[in-house]
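Chemist: The structure file model33.pdb (PDB, C-alpha atoms) is provided below.
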ATOM      1  CA  GLN A  30      -6.316  33.455  45.102
ATOM      2  CA  VAL A  31      -5.738  34.406  48.700
ATOM      3  CA  GLN A  32      -3.024  36.466  50.322
ATOM      4  CA  LEU A  33      -1.928  35.633  53.849
ATOM      5  CA  VAL A  34      -0.314  37.941  56.379
ATOM      6  CA  GLU A  35       1.025  36.624  59.681
ATOM      7  CA  SER A  36       1.450  38.739  62.795
ATOM      8  CA  GLY A  37       2.188  38.279  66.468
ATOM      9  CA  GLY A  38       5.759  37.038  66.398
ATOM     10  CA  GLY A  39       8.538  38.246  68.626
ATOM     11  CA  LEU A  40      11.081  37.504  71.301
ATOM     12  CA  VAL A  41       9.818  35.788  74.442
ATOM     13  CA  GLN A  42      11.171  33.828  77.371
ATOM     14  CA  ALA A  43      10.720  30.137  77.959
ATOM     15  CA  GLY A  44       7.334  29.462  79.505
ATOM     16  CA  ASP A  45       5.689  32.492  77.936
ATOM     17  CA  SER A  46       2.675  32.481  75.630
ATOM     18  CA  LEU A  47       2.078  34.056  72.239
ATOM     19  CA  ARG A  48      -0.756  34.088  69.784
ATOM     20  CA  LEU A  49      -0.038  34.255  66.089
ATOM     21  CA  SER A  50      -2.630  35.546  63.661
ATOM     22  CA  CYS A  51      -2.933  34.871  59.963
ATOM     23  CA  THR A  52      -5.267  37.225  58.149
ATOM     24  CA  ALA A  53      -6.414  36.360  54.658
ATOM     25  CA  SER A  54      -7.580  38.607  51.871
ATOM     26  CA  GLY A  55     -10.717  37.921  49.884
ATOM     27  CA  ARG A  56     -14.241  36.801  50.639
ATOM     28  CA  THR A  57     -13.821  33.049  50.481
ATOM     29  CA  PHE A  58     -11.721  32.371  53.563
ATOM     30  CA  SER A  59     -14.186  29.767  54.779
ATOM     31  CA  THR A  60     -13.455  27.619  51.726
ATOM     32  CA  TYR A  61      -9.790  27.212  52.693
ATOM     33  CA  ALA A  62      -8.274  24.682  55.021
ATOM     34  CA  MET A  63      -5.526  26.362  57.004
ATOM     35  CA  GLY A  64      -2.240  25.252  58.445
ATOM     36  CA  TRP A  65       0.726  26.477  60.442
ATOM     37  CA  PHE A  66       4.271  25.362  59.750
ATOM     38  CA  ARG A  67       7.639  26.377  61.118
ATOM     39  CA  GLN A  68      11.220  26.300  59.971
ATOM     40  CA  ALA A  69      14.201  26.547  62.275
ATOM     41  CA  PRO A  70      17.669  27.467  61.005
ATOM     42  CA  GLY A  71      19.258  24.545  59.190
ATOM     43  CA  LYS A  72      16.107  22.441  59.403
ATOM     44  CA  GLU A  73      13.311  21.555  57.062
ATOM     45  CA  ARG A  74       9.906  23.157  57.307
ATOM     46  CA  GLU A  75       7.709  21.153  59.626
ATOM     47  CA  PHE A  76       3.991  20.873  60.295
ATOM     48  CA  VAL A  77       2.678  22.514  63.449
ATOM     49  CA  GLY A  78      -1.117  22.488  63.139
ATOM     50  CA  GLY A  79      -3.923  22.126  60.630
ATOM     51  CA  ILE A  80      -7.605  23.024  60.702
ATOM     52  CA  SER A  81     -10.509  22.218  58.409
ATOM     53  CA  ARG A  82     -12.408  24.898  56.555
ATOM     54  CA  ILE A  83     -15.075  25.377  59.188
ATOM     55  CA  GLY A  84     -12.833  24.562  62.103
ATOM     56  CA  GLY A  85     -14.500  21.337  63.057
ATOM     57  CA  ASN A  86     -11.355  19.239  62.844
ATOM     58  CA  THR A  87      -7.832  20.046  63.913
ATOM     59  CA  ALA A  88      -4.474  18.320  64.166
ATOM     60  CA  HIS A  89      -1.245  19.241  65.896
ATOM     61  CA  ALA A  90       2.289  17.939  65.673
ATOM     62  CA  ASP A  91       3.325  15.726  68.569
ATOM     63  CA  SER A  92       6.032  18.222  69.502
ATOM     64  CA  VAL A  93       3.451  20.922  70.248
ATOM     65  CA  LYS A  94       0.426  18.879  71.278
ATOM     66  CA  GLY A  95      -0.993  20.125  74.548
ATOM     67  CA  ARG A  96       0.856  23.443  74.239
ATOM     68  CA  PHE A  97      -0.256  24.893  70.894
ATOM     69  CA  THR A  98      -3.783  25.249  69.560
ATOM     70  CA  ILE A  99      -4.851  26.141  66.059
ATOM     71  CA  SER A 100      -8.197  27.863  65.575
ATOM     72  CA  ARG A 101      -9.973  30.106  63.126
ATOM     73  CA  ASP A 102     -12.618  32.804  62.940
ATOM     74  CA  ASN A 103     -14.144  32.772  59.476
ATOM     75  CA  ALA A 104     -16.044  35.995  60.141
ATOM     76  CA  LYS A 105     -12.687  37.727  60.618
ATOM     77  CA  ASN A 106     -10.851  35.900  57.823
ATOM     78  CA  THR A 107      -8.252  34.920  60.398
ATOM     79  CA  ALA A 108      -6.549  31.787  61.614
ATOM     80  CA  TYR A 109      -4.726  31.667  64.921
ATOM     81  CA  LEU A 110      -2.013  29.700  66.616
ATOM     82  CA  GLN A 111      -2.121  29.967  70.389
ATOM     83  CA  MET A 112       1.261  28.972  71.781
ATOM     84  CA  ASN A 113       1.658  28.283  75.487
ATOM     85  CA  SER A 114       4.596  27.058  77.539
ATOM     86  CA  LEU A 115       7.028  28.058  74.843
ATOM     87  CA  LYS A 116      10.411  26.358  74.749
ATOM     88  CA  PRO A 117      13.711  27.414  73.166
ATOM     89  CA  GLU A 118      13.266  24.612  70.622
ATOM     90  CA  ASP A 119      10.126  26.384  69.380
ATOM     91  CA  THR A 120      12.351  29.098  67.948
ATOM     92  CA  ALA A 121      11.672  29.294  64.211
ATOM     93  CA  ILE A 122       9.993  31.240  61.469
ATOM     94  CA  TYR A 123       6.303  30.405  61.552
ATOM     95  CA  TYR A 124       4.290  30.322  58.363
ATOM     96  CA  CYS A 125       0.583  30.060  57.782
ATOM     97  CA  ALA A 126      -0.706  28.285  54.719
ATOM     98  CA  ALA A 127      -4.014  27.866  52.911
ATOM     99  CA  ARG A 128      -5.493  25.248  50.661
ATOM    100  CA  SER A 129      -8.673  25.721  48.650
ATOM    101  CA  THR A 130     -11.166  22.953  49.350
ATOM    102  CA  SER A 131     -14.558  21.802  48.186
ATOM    103  CA  THR A 132     -17.610  21.052  50.298
ATOM    104  CA  PHE A 133     -16.641  17.387  50.097
ATOM    105  CA  ASP A 134     -13.564  18.256  52.162
ATOM    106  CA  THR A 135     -15.347  20.372  54.767
ATOM    107  CA  TYR A 136     -13.897  18.436  57.680
ATOM    108  CA  VAL A 137     -10.487  17.648  56.245
ATOM    109  CA  TYR A 138      -7.254  19.091  57.579
ATOM    110  CA  TYR A 139      -3.887  18.746  55.895
ATOM    111  CA  THR A 140      -0.488  18.092  57.401
ATOM    112  CA  ARG A 141       1.955  18.181  54.509
ATOM    113  CA  SER A 142       3.438  21.392  53.177
ATOM    114  CA  SER A 143       2.828  20.095  49.650
ATOM    115  CA  ASP A 144      -0.913  20.074  50.395
ATOM    116  CA  TYR A 145      -0.985  23.855  50.563
ATOM    117  CA  SER A 146      -0.961  26.312  47.682
ATOM    118  CA  TYR A 147      -0.746  29.646  49.460
ATOM    119  CA  TRP A 148       1.768  30.802  52.027
ATOM    120  CA  GLY A 149       2.349  33.856  54.161
ATOM    121  CA  GLN A 150       5.692  35.601  54.449
ATOM    122  CA  GLY A 151       6.423  34.151  57.877
ATOM    123  CA  THR A 152       6.907  35.628  61.322
ATOM    124  CA  GLN A 153       9.883  35.019  63.591
ATOM    125  CA  ILE A 154       9.466  33.507  67.034
ATOM    126  CA  THR A 155      12.503  33.473  69.281
ATOM    127  CA  VAL A 156      12.296  31.814  72.675
ATOM    128  CA  SER A 157      15.131  32.520  75.074
ATOM    129  CA  SER A 158      16.008  30.177  77.919
TER     130      SER A 158
END
In structure tokens, what does this structure look like?
Modeler:
Amino acid sequence: QVQLVESGGGLVQAGDSLRLSCTASGRTFSTYAMGWFRQAPGKEREFVGGISRIGGNTAHADSVKGRFTISRDNAKNTAYLQMNSLKPEDTAIYYCAARSTSTFDTYVYYTRSSDYSYWGQGTQITVSS
């Protein structure tokens, strides 16, 4: 099992940047594919970004492509979401998620919330206009 703790959320103005961190417990972080999702009030949880277990492959939702970047540092057991040019519509609770993978899936990222088994508690991002 892995436990995930997000940090870095807060209140920012439109156009600002933030970096979210997701720190995982345990010694096997590099065997997990990681993802970021978000959920705005009254909306379903949506995919933001996904990264393979060694970071070789990434994917981002069209709504954030070119503004957000997912990355990871396996030596620090941490995944990141760099968010630039934030917009009011980015306001949501952001969750990181983990999925245990095998070596056969080294370069696979996942985009569906149902693909992930472990979730953090979420961190609030509020972007004012």
Chemist: Given the choices A:Gln32, A:Ser129, A:Ser114, A:Ser81, which gets closest to Thr60 (chain A) if the distance is worked out from only C-alpha atoms?
Modeler: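 Comparing A:Gln32, A:Ser129, A:Ser114, A:Ser81 against Thr60 (chain A), the winner is A:Ser129.
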Chemist: If we count all atoms listed in the file and set the cut-off at 10 Å, which residues sit around Ile154 (chain A), ignoring sequence neighbours fewer than 6 positions away in its own chain? Please answer as number ranges by chain.
Modeler: A: 37-41, 47, 49, 67, 69, 115, 117, 119-123
Chemist: Would you compute the distance between CA of Ser46 (chain A) and CA of Lys94 (chain A)? Give it in Å to one decimal.
Modeler: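 So the answer is 14.5 Å.
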Chemist: Taking the file as shown, what set of residues would the PyMOL selection byres ((chain A and resi 34) around 9) give back, as a list in words?
Modeler: Gln32, Leu33, Glu35, Ser36, Ser50, Cys51, Thr52, Ala53, Ser54, Cys125, Trp148, Gly149, Gln150 and Gly151 of chain A
Chemist: Written as a PyMOL selection string, what is the full residue list that the PyMOL selection byres ((chain A and resi 105) around 12) yields on the file shown?
Modeler: chain A and resi 50-59+100-104+106-109
Chemist: Go through A:Val77, A:Ala127, A:Ile99, A:Ala43 and flag the residue nearest Tyr145 (chain A), using only C-alpha atoms for the distances.
Modeler: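 Selected residue with least distance to Tyr145 (chain A): A:Ala127.
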Chemist: Just give me the gap between CA of Gln30 (chain A) and CA of Met63 (chain A) in Å, one decimal is fine.
Modeler: 13.9 Å
Chemist: Expand the PyMOL selection byres ((chain A and resi 42) around 7) into the individual residues it matches in the shown file, reporting them as a list of chain:residue names.
Modeler: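 Evaluating the PyMOL selection byres ((chain A and resi 42) around 7) on this file yields A:Val41, A:Ala43, A:Gly44, A:Asp45, A:Val156, A:Ser157, A:Ser158.
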Chemist: Kindly indicate which residue among A:Thr98, A:Thr132, A:Val93, A:Trp65 lies nearest to Tyr147 (chain A), using all atoms listed in the file for the distances.
Modeler: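 Looking at the shortest contact to Tyr147 (chain A), the residue is A:Trp65.
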Chemist: Within 6 Å of (-7.6, 21.6, 56.1) (file coordinates; all atoms listed in the file), which protein or nucleic acid residues are there? I'd like them as a list of chain:residue names.
Modeler: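 Residues lying no farther than 6 Å from the given point: A:Ala62, A:Met63, A:Gly79, A:Ile80, A:Ser81, A:Arg82, A:Val137, A:Tyr138, A:Tyr139.
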Chemist: Could you tell me how far CA of Ser143 (chain A) lies from CA of Ala88 (chain A), in Å and to one decimal?
Modeler: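 The value is 16.3 Å.
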